[in-house]
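Student: First the structure, which I've put down as structure tokens, then a few questions once you've had a look.
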There are 2 protein chains.
Amino acid sequence: MDRTDNYHHGALRDALINTGLELISEKGISGFTLREVAKRTGVSTAAPYHHFKDKAELLQAMSAAGWSMLGERFKGALSEVETPSERLRAIGEAYIRFAIEHTPYFRVMSRPDLYCSQGSCDGGDVTGRAVFEMLRSAVAGCYSGRKSDDPEIQESVLHAWVMVHGFSALWLDGSLRGTSLGELGIEELIKLLFRSGPCMTNRPDGKVPIE
Amino acid sequence: MDRTDNYHHGALRDALINTGLELISEKGISGFTLREVAKRTGVSTAAPYHHFKDKAELLQAMSAAGWSMLGERFKGALSEVETPSERLRAIGEAYIRFAIEHTPYFRVMSRPDLYCSQGSCDGGDVTGRAVFEMLRSAVAGCYSGRKSDDPEIQESVLHAWVMVHGFSALWLDGSLRGTSLGELGIEELIKLLFRSGPCMTNRPDGKVPIE
DNA sequence: CCCCAATCTTGACAGCGCTAAGATAGCCAC
DNA sequence: GTGGCTATCTTAGCGCTGTCAAGATTGGGG
């Protein structure tokens, strides 16, 4: 019996990550199974345990790879435009497009409860924080001359993150279907999202839309 | 052996829903187990199957109860203030506070993938759409005199929903901890959220914050 | 060439969702 | 009351899951 194919010589770790993403892409995150990942990768059920402590650790590795990839996307987006507000917008759009084009990554990144104890990842989500820092810095770029702890900057950071994440989550969950927004295509929705803001928030100038 | 206690006489359905929420509150959604719910309710493993087709159907019932409860919260919020923009703000805040105070409900409502086939619930999420409709109508109230399919209204509906949902999701996932926003308390964050808007979006008047 | 450390497999256990078959409780007709 | 009917719950078991202990296999360094 020639088992040479089953020996990955250190490459199994990455193979498991990739197979895992494929599996999530097919069956969703609730269909993600360590046994199935192992089977699809062509190894035994116990093989993954020599590279990951448990299922959670594999998921965390997948998440980390996703954050790293998103960081690259951000860099690419930043390099394509000039002005601060264009750069912020580019980053926001990159976040949403990453969620749509690399759904399995996003699905796993959005479920820290599966691999983090009590919400904090014991410093394991360093890449995630680096990505957040890029967003924060892009926002700060729009307020040149102010300190980075300026409340208005904090506001805009929160706003930007909440918007792109909220939109991505709702879109991927299909929550927009079956509503008045469901008839719009993804491109229209993204345009709408980056234009919006008037009604819900009280704008700095104190104006309120129509009353 | 007196099994009288184990007979719920039709009340088992609701008992399972409530026990399920308690379980999610303790162990999170990934710790939600039909067997454990049955055990905690004091019945056998197979008992739930006489009230729910499968695990998904119980989750869907829990979700429906949550949407119904959120609808009540919206009504309460609407009745407390006068002006359209106050009413919209009240609804938005009610959404977030519901997510925080009734986390188990929100957790289940945010996972349609667990009980919906292909994102659509086969008309089972009627209550959810009714709640969305309340939000939409609250937004439309801020644009009196315009048609309900006005693009700017669509914009604001999307914006409002994305904001309150995105914030709730990020907060519950603990994604704000470990960032510059993590030092702020929940009340400060909510205030910040409802004040924000300037940087990310291009406002209708064409102004861009600072450049 | 041989041994060692890295890597993978086999076999097993408890817990999971789910089902078929049988037992029990309460209620209605009589 | 009593007999039986229906709703309700239980017991037993299937295949699947995550995880671990023990053993087998591989390739590289002495």
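Just so we're on the same page: first chain in the structure tokens is A, next is B, and so on; residues restart at 1 for each chain, and ligands are numbered from 1 in the order they show up.
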With all Cα atoms paired residue by residue, do a least-squares superposition of chain A on chain B and hand back the transformed coordinates as a PDB file with C-alpha atoms, in the first residue's frame.

Tutor:
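Result went into result.pdb, see below:
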ATOM      1  CA  MET A   1     -42.112   6.292  39.668  1.00  0.00           C
ATOM      2  CA  ASP A   2     -43.984   9.572  39.501  1.00  0.00           C
ATOM      3  CA  ARG A   3     -43.300  11.237  36.190  1.00  0.00           C
ATOM      4  CA  THR A   4     -46.046  13.822  36.494  1.00  0.00           C
ATOM      5  CA  ASP A   5     -43.486  16.610  36.579  1.00  0.00           C
ATOM      6  CA  ASN A   6     -42.147  15.646  33.206  1.00  0.00           C
ATOM      7  CA  TYR A   7     -45.482  16.020  31.492  1.00  0.00           C
ATOM      8  CA  HIS A   8     -45.831  19.572  30.277  1.00  0.00           C
ATOM      9  CA  HIS A   9     -49.236  19.236  28.665  1.00  0.00           C
ATOM     10  CA  GLY A  10     -48.503  21.514  25.747  1.00  0.00           C
ATOM     11  CA  ALA A  11     -46.323  23.893  27.714  1.00  0.00           C
ATOM     12  CA  LEU A  12     -43.185  22.009  26.777  1.00  0.00           C
ATOM     13  CA  ARG A  13     -42.780  23.949  23.579  1.00  0.00           C
ATOM     14  CA  ASP A  14     -42.359  27.270  25.357  1.00  0.00           C
ATOM     15  CA  ALA A  15     -40.316  25.654  28.109  1.00  0.00           C
ATOM     16  CA  LEU A  16     -37.834  24.388  25.512  1.00  0.00           C
ATOM     17  CA  ILE A  17     -37.561  27.836  23.974  1.00  0.00           C
ATOM     18  CA  ASN A  18     -36.806  29.434  27.330  1.00  0.00           C
ATOM     19  CA  THR A  19     -34.363  26.771  28.430  1.00  0.00           C
ATOM     20  CA  GLY A  20     -32.682  27.088  25.054  1.00  0.00           C
ATOM     21  CA  LEU A  21     -32.171  30.800  25.593  1.00  0.00           C
ATOM     22  CA  GLU A  22     -30.695  30.179  29.023  1.00  0.00           C
ATOM     23  CA  LEU A  23     -28.331  27.638  27.541  1.00  0.00           C
ATOM     24  CA  ILE A  24     -27.176  30.069  24.860  1.00  0.00           C
ATOM     25  CA  SER A  25     -26.724  32.689  27.534  1.00  0.00           C
ATOM     26  CA  GLU A  26     -24.384  30.342  29.414  1.00  0.00           C
ATOM     27  CA  LYS A  27     -22.552  28.474  26.679  1.00  0.00           C
ATOM     28  CA  GLY A  28     -23.009  30.617  23.595  1.00  0.00           C
ATOM     29  CA  ILE A  29     -24.700  29.534  20.408  1.00  0.00           C
ATOM     30  CA  SER A  30     -22.138  26.824  19.704  1.00  0.00           C
ATOM     31  CA  GLY A  31     -22.924  25.306  23.101  1.00  0.00           C
ATOM     32  CA  PHE A  32     -26.582  25.039  22.225  1.00  0.00           C
ATOM     33  CA  THR A  33     -27.480  21.373  22.203  1.00  0.00           C
ATOM     34  CA  LEU A  34     -30.855  19.749  21.802  1.00  0.00           C
ATOM     35  CA  ARG A  35     -29.962  17.026  24.277  1.00  0.00           C
ATOM     36  CA  GLU A  36     -28.821  19.522  26.891  1.00  0.00           C
ATOM     37  CA  VAL A  37     -31.947  21.624  26.408  1.00  0.00           C
ATOM     38  CA  ALA A  38     -34.068  18.510  26.911  1.00  0.00           C
ATOM     39  CA  LYS A  39     -32.117  17.453  29.984  1.00  0.00           C
ATOM     40  CA  ARG A  40     -32.400  20.904  31.583  1.00  0.00           C
ATOM     41  CA  THR A  41     -36.101  20.993  30.878  1.00  0.00           C
ATOM     42  CA  GLY A  42     -36.445  17.647  32.582  1.00  0.00           C
ATOM     43  CA  VAL A  43     -37.567  15.579  29.620  1.00  0.00           C
ATOM     44  CA  SER A  44     -36.000  12.858  27.499  1.00  0.00           C
ATOM     45  CA  THR A  45     -33.799  13.426  24.485  1.00  0.00           C
ATOM     46  CA  ALA A  46     -36.540  12.651  22.016  1.00  0.00           C
ATOM     47  CA  ALA A  47     -39.257  14.778  23.622  1.00  0.00           C
ATOM     48  CA  PRO A  48     -38.469  17.965  21.688  1.00  0.00           C
ATOM     49  CA  TYR A  49     -39.153  16.144  18.420  1.00  0.00           C
ATOM     50  CA  HIS A  50     -42.845  16.102  19.210  1.00  0.00           C
ATOM     51  CA  HIS A  51     -42.889  19.916  19.139  1.00  0.00           C
ATOM     52  CA  PHE A  52     -40.176  20.746  16.629  1.00  0.00           C
ATOM     53  CA  LYS A  53     -39.230  18.950  13.428  1.00  0.00           C
ATOM     54  CA  ASP A  54     -35.557  19.263  14.290  1.00  0.00           C
ATOM     55  CA  LYS A  55     -33.024  21.448  16.039  1.00  0.00           C
ATOM     56  CA  ALA A  56     -33.325  24.104  13.340  1.00  0.00           C
ATOM     57  CA  GLU A  57     -37.052  24.477  13.934  1.00  0.00           C
ATOM     58  CA  LEU A  58     -36.519  25.150  17.623  1.00  0.00           C
ATOM     59  CA  LEU A  59     -33.914  27.758  16.783  1.00  0.00           C
ATOM     60  CA  GLN A  60     -36.289  29.353  14.322  1.00  0.00           C
ATOM     61  CA  ALA A  61     -39.020  29.507  16.966  1.00  0.00           C
ATOM     62  CA  MET A  62     -36.576  31.159  19.343  1.00  0.00           C
ATOM     63  CA  SER A  63     -35.651  33.640  16.643  1.00  0.00           C
ATOM     64  CA  ALA A  64     -39.292  34.420  15.901  1.00  0.00           C
ATOM     65  CA  ALA A  65     -39.931  35.047  19.592  1.00  0.00           C
ATOM     66  CA  GLY A  66     -36.968  37.399  19.584  1.00  0.00           C
ATOM     67  CA  TRP A  67     -38.206  39.384  16.598  1.00  0.00           C
ATOM     68  CA  SER A  68     -41.592  39.660  18.201  1.00  0.00           C
ATOM     69  CA  MET A  69     -40.024  40.933  21.397  1.00  0.00           C
ATOM     70  CA  LEU A  70     -37.905  43.426  19.475  1.00  0.00           C
ATOM     71  CA  GLY A  71     -41.055  44.664  17.771  1.00  0.00           C
ATOM     72  CA  GLU A  72     -42.562  45.374  21.178  1.00  0.00           C
ATOM     73  CA  ARG A  73     -39.438  47.254  22.163  1.00  0.00           C
ATOM     74  CA  PHE A  74     -39.754  49.349  19.034  1.00  0.00           C
ATOM     75  CA  LYS A  75     -43.348  50.180  19.860  1.00  0.00           C
ATOM     76  CA  GLY A  76     -42.346  51.212  23.348  1.00  0.00           C
ATOM     77  CA  ALA A  77     -39.528  53.364  22.027  1.00  0.00           C
ATOM     78  CA  LEU A  78     -41.806  55.056  19.486  1.00  0.00           C
ATOM     79  CA  SER A  79     -44.349  55.958  22.119  1.00  0.00           C
ATOM     80  CA  GLU A  80     -41.875  57.821  24.258  1.00  0.00           C
ATOM     81  CA  VAL A  81     -40.833  60.601  21.909  1.00  0.00           C
ATOM     82  CA  GLU A  82     -42.446  63.040  19.535  1.00  0.00           C
ATOM     83  CA  THR A  83     -40.457  64.241  16.559  1.00  0.00           C
ATOM     84  CA  PRO A  84     -39.657  61.926  13.621  1.00  0.00           C
ATOM     85  CA  SER A  85     -35.901  62.109  14.110  1.00  0.00           C
ATOM     86  CA  GLU A  86     -36.274  61.431  17.826  1.00  0.00           C
ATOM     87  CA  ARG A  87     -38.433  58.453  17.003  1.00  0.00           C
ATOM     88  CA  LEU A  88     -35.888  57.069  14.557  1.00  0.00           C
ATOM     89  CA  ARG A  89     -33.122  57.561  17.057  1.00  0.00           C
ATOM     90  CA  ALA A  90     -35.205  55.867  19.756  1.00  0.00           C
ATOM     91  CA  ILE A  91     -35.769  52.856  17.524  1.00  0.00           C
ATOM     92  CA  GLY A  92     -32.104  52.595  16.689  1.00  0.00           C
ATOM     93  CA  GLU A  93     -31.152  52.750  20.328  1.00  0.00           C
ATOM     94  CA  ALA A  94     -33.827  50.182  21.165  1.00  0.00           C
ATOM     95  CA  TYR A  95     -32.255  47.803  18.643  1.00  0.00           C
ATOM     96  CA  ILE A  96     -28.836  48.104  20.236  1.00  0.00           C
ATOM     97  CA  ARG A  97     -30.127  47.852  23.796  1.00  0.00           C
ATOM     98  CA  PHE A  98     -32.155  44.813  22.871  1.00  0.00           C
ATOM     99  CA  ALA A  99     -29.023  43.157  21.494  1.00  0.00           C
ATOM    100  CA  ILE A 100     -27.141  43.922  24.702  1.00  0.00           C
ATOM    101  CA  GLU A 101     -29.858  43.116  27.212  1.00  0.00           C
ATOM    102  CA  HIS A 102     -31.251  40.089  25.421  1.00  0.00           C
ATOM    103  CA  THR A 103     -28.088  38.710  23.921  1.00  0.00           C
ATOM    104  CA  PRO A 104     -29.353  35.121  23.541  1.00  0.00           C
ATOM    105  CA  TYR A 105     -32.247  36.303  21.392  1.00  0.00           C
ATOM    106  CA  PHE A 106     -29.973  38.464  19.294  1.00  0.00           C
ATOM    107  CA  ARG A 107     -27.443  35.663  18.887  1.00  0.00           C
ATOM    108  CA  VAL A 108     -30.075  33.373  17.456  1.00  0.00           C
ATOM    109  CA  MET A 109     -31.655  36.088  15.302  1.00  0.00           C
ATOM    110  CA  SER A 110     -28.239  36.824  13.810  1.00  0.00           C
ATOM    111  CA  ARG A 111     -27.694  33.248  12.656  1.00  0.00           C
ATOM    112  CA  PRO A 112     -30.349  32.626  10.014  1.00  0.00           C
ATOM    113  CA  ASP A 113     -27.948  30.156   8.425  1.00  0.00           C
ATOM    114  CA  LEU A 114     -28.825  27.753  11.252  1.00  0.00           C
ATOM    115  CA  TYR A 115     -32.508  27.560  10.456  1.00  0.00           C
ATOM    116  CA  CYS A 116     -33.050  29.048   7.000  1.00  0.00           C
ATOM    117  CA  SER A 117     -32.404  27.255   3.752  1.00  0.00           C
ATOM    118  CA  GLN A 118     -30.347  29.352   1.336  1.00  0.00           C
ATOM    119  CA  GLY A 119     -30.826  32.513   3.346  1.00  0.00           C
ATOM    120  CA  SER A 120     -34.542  32.724   2.799  1.00  0.00           C
ATOM    121  CA  CYS A 121     -36.788  31.435   5.522  1.00  0.00           C
ATOM    122  CA  ASP A 122     -39.640  30.317   3.250  1.00  0.00           C
ATOM    123  CA  GLY A 123     -41.757  33.138   4.629  1.00  0.00           C
ATOM    124  CA  GLY A 124     -41.096  32.046   8.178  1.00  0.00           C
ATOM    125  CA  ASP A 125     -39.460  35.279   9.209  1.00  0.00           C
ATOM    126  CA  VAL A 126     -42.573  37.395   8.866  1.00  0.00           C
ATOM    127  CA  THR A 127     -42.032  38.970  12.267  1.00  0.00           C
ATOM    128  CA  GLY A 128     -38.534  39.995  11.219  1.00  0.00           C
ATOM    129  CA  ARG A 129     -39.875  41.765   8.166  1.00  0.00           C
ATOM    130  CA  ALA A 130     -42.510  43.528  10.238  1.00  0.00           C
ATOM    131  CA  VAL A 131     -39.765  44.872  12.489  1.00  0.00           C
ATOM    132  CA  PHE A 132     -37.781  46.021   9.487  1.00  0.00           C
ATOM    133  CA  GLU A 133     -40.900  47.728   8.213  1.00  0.00           C
ATOM    134  CA  MET A 134     -41.173  49.698  11.467  1.00  0.00           C
ATOM    135  CA  LEU A 135     -37.631  50.933  10.990  1.00  0.00           C
ATOM    136  CA  ARG A 136     -38.325  51.834   7.379  1.00  0.00           C
ATOM    137  CA  SER A 137     -41.411  53.736   8.368  1.00  0.00           C
ATOM    138  CA  ALA A 138     -39.546  55.607  11.091  1.00  0.00           C
ATOM    139  CA  VAL A 139     -36.974  56.678   8.519  1.00  0.00           C
ATOM    140  CA  ALA A 140     -39.668  57.691   6.051  1.00  0.00           C
ATOM    141  CA  GLY A 141     -41.186  59.841   8.785  1.00  0.00           C
ATOM    142  CA  CYS A 142     -38.079  62.016   8.638  1.00  0.00           C
ATOM    143  CA  TYR A 143     -38.729  62.725   4.963  1.00  0.00           C
ATOM    144  CA  SER A 144     -42.337  63.800   5.068  1.00  0.00           C
ATOM    145  CA  GLY A 145     -43.938  64.384   1.720  1.00  0.00           C
ATOM    146  CA  ARG A 146     -41.687  62.070  -0.234  1.00  0.00           C
ATOM    147  CA  LYS A 147     -42.629  58.775  -1.774  1.00  0.00           C
ATOM    148  CA  SER A 148     -41.579  55.700   0.151  1.00  0.00           C
ATOM    149  CA  ASP A 149     -39.363  54.506  -2.702  1.00  0.00           C
ATOM    150  CA  ASP A 150     -37.409  57.756  -2.747  1.00  0.00           C
ATOM    151  CA  PRO A 151     -33.733  56.853  -3.176  1.00  0.00           C
ATOM    152  CA  GLU A 152     -32.706  59.059  -0.297  1.00  0.00           C
ATOM    153  CA  ILE A 153     -35.082  57.210   1.988  1.00  0.00           C
ATOM    154  CA  GLN A 154     -33.692  53.887   0.787  1.00  0.00           C
ATOM    155  CA  GLU A 155     -30.263  55.276   1.582  1.00  0.00           C
ATOM    156  CA  SER A 156     -31.207  56.218   5.106  1.00  0.00           C
ATOM    157  CA  VAL A 157     -32.965  52.940   5.770  1.00  0.00           C
ATOM    158  CA  LEU A 158     -29.879  51.051   4.699  1.00  0.00           C
ATOM    159  CA  HIS A 159     -27.693  53.354   6.729  1.00  0.00           C
ATOM    160  CA  ALA A 160     -29.782  53.068   9.875  1.00  0.00           C
ATOM    161  CA  TRP A 161     -30.060  49.294   9.762  1.00  0.00           C
ATOM    162  CA  VAL A 162     -26.424  48.766   8.915  1.00  0.00           C
ATOM    163  CA  MET A 163     -25.357  51.028  11.756  1.00  0.00           C
ATOM    164  CA  VAL A 164     -27.397  49.515  14.544  1.00  0.00           C
ATOM    165  CA  HIS A 165     -26.800  45.961  13.411  1.00  0.00           C
ATOM    166  CA  GLY A 166     -23.115  46.455  12.732  1.00  0.00           C
ATOM    167  CA  PHE A 167     -22.572  48.054  16.104  1.00  0.00           C
ATOM    168  CA  SER A 168     -24.480  45.347  17.947  1.00  0.00           C
ATOM    169  CA  ALA A 169     -22.608  42.588  16.146  1.00  0.00           C
ATOM    170  CA  LEU A 170     -19.183  44.106  16.772  1.00  0.00           C
ATOM    171  CA  TRP A 171     -19.962  44.816  20.400  1.00  0.00           C
ATOM    172  CA  LEU A 172     -21.256  41.342  21.157  1.00  0.00           C
ATOM    173  CA  ASP A 173     -18.333  39.710  19.358  1.00  0.00           C
ATOM    174  CA  GLY A 174     -15.974  41.714  21.536  1.00  0.00           C
ATOM    175  CA  SER A 175     -14.348  43.073  18.393  1.00  0.00           C
ATOM    176  CA  LEU A 176     -14.100  46.544  19.903  1.00  0.00           C
ATOM    177  CA  ARG A 177     -11.954  45.330  22.756  1.00  0.00           C
ATOM    178  CA  GLY A 178      -8.271  45.619  22.111  1.00  0.00           C
ATOM    179  CA  THR A 179      -8.704  48.632  19.831  1.00  0.00           C
ATOM    180  CA  SER A 180      -8.667  52.340  20.492  1.00  0.00           C
ATOM    181  CA  LEU A 181     -12.438  52.140  20.897  1.00  0.00           C
ATOM    182  CA  GLY A 182     -12.215  49.432  23.510  1.00  0.00           C
ATOM    183  CA  GLU A 183     -11.484  51.830  26.323  1.00  0.00           C
ATOM    184  CA  LEU A 184     -14.835  53.534  25.915  1.00  0.00           C
ATOM    185  CA  GLY A 185     -17.862  52.291  27.812  1.00  0.00           C
ATOM    186  CA  ILE A 186     -21.004  51.155  26.092  1.00  0.00           C
ATOM    187  CA  GLU A 187     -22.873  54.379  26.817  1.00  0.00           C
ATOM    188  CA  GLU A 188     -20.094  56.498  25.376  1.00  0.00           C
ATOM    189  CA  LEU A 189     -19.943  54.287  22.313  1.00  0.00           C
ATOM    190  CA  ILE A 190     -23.671  54.580  21.698  1.00  0.00           C
ATOM    191  CA  LYS A 191     -23.482  58.362  22.001  1.00  0.00           C
ATOM    192  CA  LEU A 192     -20.557  58.369  19.603  1.00  0.00           C
ATOM    193  CA  LEU A 193     -22.382  56.143  17.148  1.00  0.00           C
ATOM    194  CA  PHE A 194     -25.454  58.367  16.928  1.00  0.00           C
ATOM    195  CA  ARG A 195     -23.344  61.476  16.506  1.00  0.00           C
ATOM    196  CA  SER A 196     -21.127  60.079  13.793  1.00  0.00           C
ATOM    197  CA  GLY A 197     -21.282  60.179  10.044  1.00  0.00           C
ATOM    198  CA  PRO A 198     -18.999  62.872   8.701  1.00  0.00           C
ATOM    199  CA  CYS A 199     -15.949  61.155   7.275  1.00  0.00           C
ATOM    200  CA  MET A 200     -16.924  57.937   5.577  1.00  0.00           C
ATOM    201  CA  THR A 201     -19.907  59.097   3.634  1.00  0.00           C
ATOM    202  CA  ASN A 202     -20.199  61.822   1.080  1.00  0.00           C
ATOM    203  CA  ARG A 203     -22.925  63.980   2.477  1.00  0.00           C
ATOM    204  CA  PRO A 204     -25.819  65.114   0.317  1.00  0.00           C
ATOM    205  CA  ASP A 205     -24.601  68.713   0.357  1.00  0.00           C
ATOM    206  CA  GLY A 206     -21.429  67.489  -1.315  1.00  0.00           C
ATOM    207  CA  LYS A 207     -19.228  68.656   1.526  1.00  0.00           C
ATOM    208  CA  VAL A 208     -16.355  66.455   2.505  1.00  0.00           C
ATOM    209  CA  PRO A 209     -14.958  66.870   6.012  1.00  0.00           C
ATOM    210  CA  ILE A 210     -11.452  68.270   5.874  1.00  0.00           C
ATOM    211  CA  GLU A 211      -9.400  66.858   3.030  1.00  0.00           C
TER     212      GLU A 211
END

Student: Taking the chain letters and numbering used in this document, name the residues of segment 122-203 of chain B that DSSP puts in alpha helix (DSSP H), as number ranges by chain.

Tutor: B: 126-140, 151-173, 186-195

Student: Please identify every residue of chain C that has at least one atom no more than 8 Å from any atom of chain B, counting only C-alpha atoms (C1' of nucleotides), and report them as a list in words.

Tutor: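 The complete set of qualifying residues is DC16, DG17 and DC18 of chain C.
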
Student: May I have the residues from that selection written out with all heavy atoms, as a PDB file, in the first residue's frame?

Tutor:
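File part25.pdb, as written:
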ATOM      1  P    DC C  16     -24.191  16.423  24.418  1.00  0.00           P
ATOM      2  OP1  DC C  16     -24.164  17.854  24.804  1.00  0.00           O
ATOM      3  OP2  DC C  16     -25.030  15.464  25.150  1.00  0.00           O
ATOM      4  O5'  DC C  16     -24.569  16.342  22.869  1.00  0.00           O
ATOM      5  C5'  DC C  16     -23.940  17.224  21.957  1.00  0.00           C
ATOM      6  C4'  DC C  16     -24.214  16.794  20.530  1.00  0.00           C
ATOM      7  O4'  DC C  16     -23.712  15.455  20.334  1.00  0.00           O
ATOM      8  C3'  DC C  16     -25.699  16.686  20.176  1.00  0.00           C
ATOM      9  O3'  DC C  16     -26.167  17.944  19.712  1.00  0.00           O
ATOM     10  C2'  DC C  16     -25.677  15.665  19.027  1.00  0.00           C
ATOM     11  C1'  DC C  16     -24.385  14.880  19.241  1.00  0.00           C
ATOM     12  N1   DC C  16     -24.590  13.429  19.561  1.00  0.00           N
ATOM     13  C2   DC C  16     -24.742  12.504  18.521  1.00  0.00           C
ATOM     14  O2   DC C  16     -24.718  12.912  17.355  1.00  0.00           O
ATOM     15  N3   DC C  16     -24.920  11.203  18.828  1.00  0.00           N
ATOM     16  C4   DC C  16     -24.942  10.815  20.107  1.00  0.00           C
ATOM     17  N4   DC C  16     -25.108   9.519  20.372  1.00  0.00           N
ATOM     18  C5   DC C  16     -24.783  11.755  21.180  1.00  0.00           C
ATOM     19  C6   DC C  16     -24.613  13.035  20.861  1.00  0.00           C
ATOM     20  P    DG C  17     -27.724  18.173  19.522  1.00  0.00           P
ATOM     21  OP1  DG C  17     -27.937  19.618  19.328  1.00  0.00           O
ATOM     22  OP2  DG C  17     -28.430  17.454  20.603  1.00  0.00           O
ATOM     23  O5'  DG C  17     -28.015  17.402  18.153  1.00  0.00           O
ATOM     24  C5'  DG C  17     -27.619  17.977  16.919  1.00  0.00           C
ATOM     25  C4'  DG C  17     -28.159  17.149  15.764  1.00  0.00           C
ATOM     26  O4'  DG C  17     -27.786  15.772  15.959  1.00  0.00           O
ATOM     27  C3'  DG C  17     -29.685  17.166  15.647  1.00  0.00           C
ATOM     28  O3'  DG C  17     -30.055  17.265  14.272  1.00  0.00           O
ATOM     29  C2'  DG C  17     -30.108  15.849  16.268  1.00  0.00           C
ATOM     30  C1'  DG C  17     -28.940  14.947  15.929  1.00  0.00           C
ATOM     31  N9   DG C  17     -28.733  13.876  16.902  1.00  0.00           N
ATOM     32  C8   DG C  17     -28.660  14.008  18.265  1.00  0.00           C
ATOM     33  N7   DG C  17     -28.484  12.876  18.892  1.00  0.00           N
ATOM     34  C5   DG C  17     -28.448  11.929  17.881  1.00  0.00           C
ATOM     35  C6   DG C  17     -28.282  10.523  17.952  1.00  0.00           C
ATOM     36  O6   DG C  17     -28.143   9.810  18.955  1.00  0.00           O
ATOM     37  N1   DG C  17     -28.303   9.929  16.675  1.00  0.00           N
ATOM     38  C2   DG C  17     -28.449  10.629  15.508  1.00  0.00           C
ATOM     39  N2   DG C  17     -28.447   9.898  14.383  1.00  0.00           N
ATOM     40  N3   DG C  17     -28.603  11.937  15.424  1.00  0.00           N
ATOM     41  C4   DG C  17     -28.597  12.523  16.648  1.00  0.00           C
ATOM     42  P    DC C  18     -31.630  17.458  13.903  1.00  0.00           P
ATOM     43  OP1  DC C  18     -31.712  18.051  12.559  1.00  0.00           O
ATOM     44  OP2  DC C  18     -32.279  18.107  15.056  1.00  0.00           O
ATOM     45  O5'  DC C  18     -32.157  15.951  13.810  1.00  0.00           O
ATOM     46  C5'  DC C  18     -31.512  15.050  12.914  1.00  0.00           C
ATOM     47  C4'  DC C  18     -32.037  13.646  13.124  1.00  0.00           C
ATOM     48  O4'  DC C  18     -31.525  13.111  14.350  1.00  0.00           O
ATOM     49  C3'  DC C  18     -33.571  13.525  13.220  1.00  0.00           C
ATOM     50  O3'  DC C  18     -34.031  12.953  12.006  1.00  0.00           O
ATOM     51  C2'  DC C  18     -33.810  12.609  14.428  1.00  0.00           C
ATOM     52  C1'  DC C  18     -32.413  12.093  14.750  1.00  0.00           C
ATOM     53  N1   DC C  18     -32.167  11.813  16.186  1.00  0.00           N
ATOM     54  C2   DC C  18     -31.866  10.502  16.580  1.00  0.00           C
ATOM     55  O2   DC C  18     -31.826   9.620  15.738  1.00  0.00           O
ATOM     56  N3   DC C  18     -31.634  10.246  17.892  1.00  0.00           N
ATOM     57  C4   DC C  18     -31.690  11.235  18.793  1.00  0.00           C
ATOM     58  N4   DC C  18     -31.434  10.933  20.064  1.00  0.00           N
ATOM     59  C5   DC C  18     -32.003  12.573  18.413  1.00  0.00           C
ATOM     60  C6   DC C  18     -32.238  12.818  17.108  1.00  0.00           C
TER      61       DC C  18
END

Student: Give me, as a ChimeraX atom specification, the residues of chain D touching chain B, with the criterion being at most 8 Å (counting only C-alpha atoms (C1' of nucleotides)).

Tutor: /D:8-10

Student: Please produce a file of those selected residues containing all heavy atoms, as a compact mmCIF listing (two decimals), in the first residue's frame.

Tutor:
# COMPACT_ATOMS: atom_id res chain seq x y z
P DT D 8 -49.94 17.42 22.80
OP1 DT D 8 -50.16 18.69 23.52
OP2 DT D 8 -49.51 17.39 21.39
O5' DT D 8 -48.90 16.57 23.66
C5' DT D 8 -49.16 16.32 25.03
C4' DT D 8 -48.25 15.25 25.54
O4' DT D 8 -48.51 14.01 24.86
C3' DT D 8 -46.76 15.51 25.32
O3' DT D 8 -46.20 15.97 26.52
C2' DT D 8 -46.19 14.15 24.91
C1' DT D 8 -47.38 13.22 25.07
N1 DT D 8 -47.42 12.08 24.10
C2 DT D 8 -47.14 10.82 24.55
O2 DT D 8 -46.84 10.57 25.69
N3 DT D 8 -47.22 9.84 23.60
C4 DT D 8 -47.56 9.99 22.26
O4 DT D 8 -47.60 9.04 21.50
C5 DT D 8 -47.84 11.34 21.86
C7 DT D 8 -48.22 11.64 20.44
C6 DT D 8 -47.76 12.33 22.79
P DC D 9 -44.67 16.42 26.56
OP1 DC D 9 -44.51 17.29 27.74
OP2 DC D 9 -44.29 16.91 25.23
O5' DC D 9 -43.90 15.05 26.85
C5' DC D 9 -44.03 14.44 28.13
C4' DC D 9 -43.49 13.03 28.08
O4' DC D 9 -44.10 12.33 26.98
C3' DC D 9 -41.98 12.93 27.85
O3' DC D 9 -41.32 12.49 29.04
C2' DC D 9 -41.84 11.91 26.72
C1' DC D 9 -43.22 11.29 26.62
N1 DC D 9 -43.51 10.85 25.22
C2 DC D 9 -43.53 9.48 24.93
O2 DC D 9 -43.29 8.68 25.84
N3 DC D 9 -43.78 9.09 23.66
C4 DC D 9 -44.03 9.98 22.71
N4 DC D 9 -44.29 9.52 21.49
C5 DC D 9 -44.02 11.38 22.99
C6 DC D 9 -43.76 11.77 24.24
P DT D 10 -39.73 12.11 28.89
OP1 DT D 10 -39.17 12.28 30.25
OP2 DT D 10 -39.15 12.83 27.75
O5' DT D 10 -39.74 10.55 28.55
C5' DT D 10 -40.36 9.62 29.45
C4' DT D 10 -39.95 8.20 29.09
O4' DT D 10 -40.49 7.87 27.78
C3' DT D 10 -38.44 7.96 29.01
O3' DT D 10 -38.13 6.76 29.69
C2' DT D 10 -38.16 7.87 27.52
C1' DT D 10 -39.47 7.35 26.95
N1 DT D 10 -39.73 7.83 25.56
C2 DT D 10 -39.90 6.92 24.56
O2 DT D 10 -39.82 5.72 24.72
N3 DT D 10 -40.14 7.48 23.32
C4 DT D 10 -40.24 8.83 23.01
O4 DT D 10 -40.47 9.21 21.87
C5 DT D 10 -40.06 9.73 24.13
C7 DT D 10 -40.13 11.20 23.91
C6 DT D 10 -39.82 9.20 25.33
